[in-house]
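Reviewing the structure listed below.
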Amino acid sequence: MMKVSSHFSRHLPAVAMLTMAVVISGCQKDAEPADATDSQNTSSQNTDASIANTQTDASEVTADAPVSADQQINSSPVTILALGDSLTEGLGVDSDANYPAQLEASLKELGYTNAKVINSGLSGETSTGLVNRLDWVAQTKPDITILTIGANDAMRGLDVATIEKNIRTAVKTLQDNGSHVILGGMSIYDNLGNDYVSAFSDIYPRVAKDMNVPLIPFFLEGVGGDPELNQADAIHPTKEGYQIIVKDNILPILKPELEKLKASNATNTTASNNTLNNTPTETTQ
């Protein structure tokens, strides 16, 4: 936040030169009119100098004007935790091509200059494994967490009820630690049967509704199943695939949460300032 200096020059130079007519015992004439003219010229010069200095002070105020409230809050630190499995980690792509890296770059372009996205994706992670490391990841103290987990569970045919229980535990633990959670919905191929596939996909909207968290309906929407946007394994996105995920799937859900966070920060700042302004000061008599 930029600080505006409150020290301005208050003392403007003023020199008044006045020629007085000295009358000597009734035989000295009155002062010449030229003396009065000189006095007026000197006064006019001082007035011009005062105006010039005032204009200089005004330009200094303009140059040092504070940034807008939106600029101040957009530049406030915000930590986003990307929590999940290999789809979060970015298996098979460069470190600057995974979705957390691309998301951070996009946020900075949007004006969130102090946004930090922490990549806490772990290849092969299951919902049970994620729950077991929540205490460790909570040390990052994220303002917002994007939670995308469950695909590895489903690929192994693990019990749907257990997956849902773990996701609910993860969401509640993160919320209890003060983080706003965004849940990334997942779907799987039909090789495990329609009943299992449907039961698994239904976990995410149900949890989102019950726990009042925003939902990315399908994290891989527009990318999953497209060979041009996925690596040779047909599971993990390419750099271009992650670009679509960030732009079309994540940011539309994330930006409203950032606005809520901004409004909350503004309210807290105003309340804090009011408390300070209303704090009585001790006076001595």
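So you can find residues: chains in the structure tokens are A, B, ... in the order shown, residues in each start at 1, and ligands are numbered from 1 in order.
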
Worksheet item: Can you tell me, as a PyMOL selection string, what residues are no more than 12 Å from Ile146 (chain A) when counting only C-alpha atoms, ignoring any on the same chain fewer than 3 positions away?
Response: chain A and resi 79-85+88+99-100+103+117-121+142-143+149+170-171+174-175+179-185+213-216+219+246+249-251+253-254+257

Item to complete: Check region 150-181 of chain A with DSSP on the backbone and list each residue it calls alpha helix (DSSP H), as a PyMOL selection string.
Response: chain A and resi 151-155+160-176

Item to complete: Have a look at CA of Gln102 (chain A) and CA of Ala138 (chain A) and let me know their distance in Å, one decimal.
Response: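 The value is 22.3 Å.
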
Worksheet item: CA of Val131 (chain A) to CA of Thr169 (chain A): how many Å, to one decimal?
Response: 7.1 Å

Worksheet entry | 7 Å contact set for Ser127 (chain A), only C-alpha atoms, chain neighbours under 6 positions out, as a list in words | Ile149, Gly150, Asp153, Ile163, Asn166 and Ile167 of chain A

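Every protein or nucleic acid residue with an atom no more than 9 Å from Ala234 (chain A), counting only C-alpha atoms and leaving out same-chain residues fewer than 5 positions away, appears here: Gly224, Gly225, Asp226, Pro227 and Leu229 of chain A.
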
Would you export the selected residues with all heavy atoms as a PDB file, in the first residue's frame, please?
```pdb
ATOM      1  N   GLY A 224     -10.963 -33.211 -20.876  1.00  0.00           N
ATOM      2  CA  GLY A 224     -10.991 -34.659 -20.721  1.00  0.00           C
ATOM      3  C   GLY A 224     -11.493 -35.367 -21.978  1.00  0.00           C
ATOM      4  O   GLY A 224     -12.509 -34.987 -22.558  1.00  0.00           O
ATOM      5  N   GLY A 225     -10.749 -36.362 -22.431  1.00  0.00           N
ATOM      6  CA  GLY A 225     -11.142 -37.127 -23.594  1.00  0.00           C
ATOM      7  C   GLY A 225     -10.676 -36.550 -24.916  1.00  0.00           C
ATOM      8  O   GLY A 225     -10.838 -37.199 -25.964  1.00  0.00           O
ATOM      9  N   ASP A 226     -10.093 -35.332 -24.906  1.00  0.00           N
ATOM     10  CA  ASP A 226      -9.597 -34.722 -26.138  1.00  0.00           C
ATOM     11  C   ASP A 226      -8.112 -35.066 -26.299  1.00  0.00           C
ATOM     12  O   ASP A 226      -7.282 -34.588 -25.523  1.00  0.00           O
ATOM     13  CB  ASP A 226      -9.781 -33.204 -26.078  1.00  0.00           C
ATOM     14  CG  ASP A 226      -9.450 -32.513 -27.400  1.00  0.00           C
ATOM     15  OD1 ASP A 226      -8.667 -33.086 -28.191  1.00  0.00           O
ATOM     16  OD2 ASP A 226      -9.947 -31.404 -27.626  1.00  0.00           O
ATOM     17  N   PRO A 227      -7.758 -35.882 -27.288  1.00  0.00           N
ATOM     18  CA  PRO A 227      -6.351 -36.298 -27.429  1.00  0.00           C
ATOM     19  C   PRO A 227      -5.393 -35.144 -27.688  1.00  0.00           C
ATOM     20  O   PRO A 227      -4.215 -35.233 -27.355  1.00  0.00           O
ATOM     21  CB  PRO A 227      -6.389 -37.276 -28.613  1.00  0.00           C
ATOM     22  CG  PRO A 227      -7.653 -36.978 -29.334  1.00  0.00           C
ATOM     23  CD  PRO A 227      -8.618 -36.493 -28.309  1.00  0.00           C
ATOM     24  N   LEU A 229      -5.457 -32.300 -26.242  1.00  0.00           N
ATOM     25  CA  LEU A 229      -5.260 -31.530 -25.003  1.00  0.00           C
ATOM     26  C   LEU A 229      -4.776 -32.396 -23.854  1.00  0.00           C
ATOM     27  O   LEU A 229      -4.648 -31.915 -22.729  1.00  0.00           O
ATOM     28  CB  LEU A 229      -6.568 -30.833 -24.607  1.00  0.00           C
ATOM     29  CG  LEU A 229      -7.094 -29.804 -25.606  1.00  0.00           C
ATOM     30  CD1 LEU A 229      -8.464 -29.289 -25.182  1.00  0.00           C
ATOM     31  CD2 LEU A 229      -6.118 -28.644 -25.771  1.00  0.00           C
TER      32      LEU A 229
END
```

Worksheet item: Quick one: of A:Asp233, A:Pro77, A:Arg133, A:Glu89, who's nearest to Ala115 (chain A), counting only C-alpha atoms?
Response: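 Among the listed residues, A:Pro77 lies closest to Ala115 (chain A).
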
Discussion item. Calculated over only C-alpha atoms, which of the candidates A:Pro237, A:Met155, A:Asp176, A:Asp248 has the smallest distance to Leu134 (chain A)?
Written reply: A:Asp176

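You will find CA of Leu147 (chain A) at 14.4 Å from CA of Asn177 (chain A).
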
Discussion item. My list of candidates is A:Thr128, A:Gln231, A:Thr145, A:Asn212. Which is closest to Asp159 (chain A) when distances are computed with only C-alpha atoms?
Written reply: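 Between A:Thr128, A:Gln231, A:Thr145, A:Asn212, the residue approaching Asp159 (chain A) most closely is A:Thr128.
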
Discussion item. When DSSP is applied to the backbone of this structure, which of region 52-188 of chain A are assigned strand (DSSP E or B)? Write them out as an MDAnalysis selection string.
Written reply: chainID A and resid 78:84 115:121 144:148 180:184

Item to complete: Within 10 Å of Val160 (chain A), counting only C-alpha atoms, which residues show up once you throw out same-chain ones fewer than 6 positions away? Write them as a list in words, please.
Response: Gly150, Asp153, Ala154, Asn166, Tyr196, Val197, Ala199, Phe200, Ser201, Asp202 and Ile203 of chain A
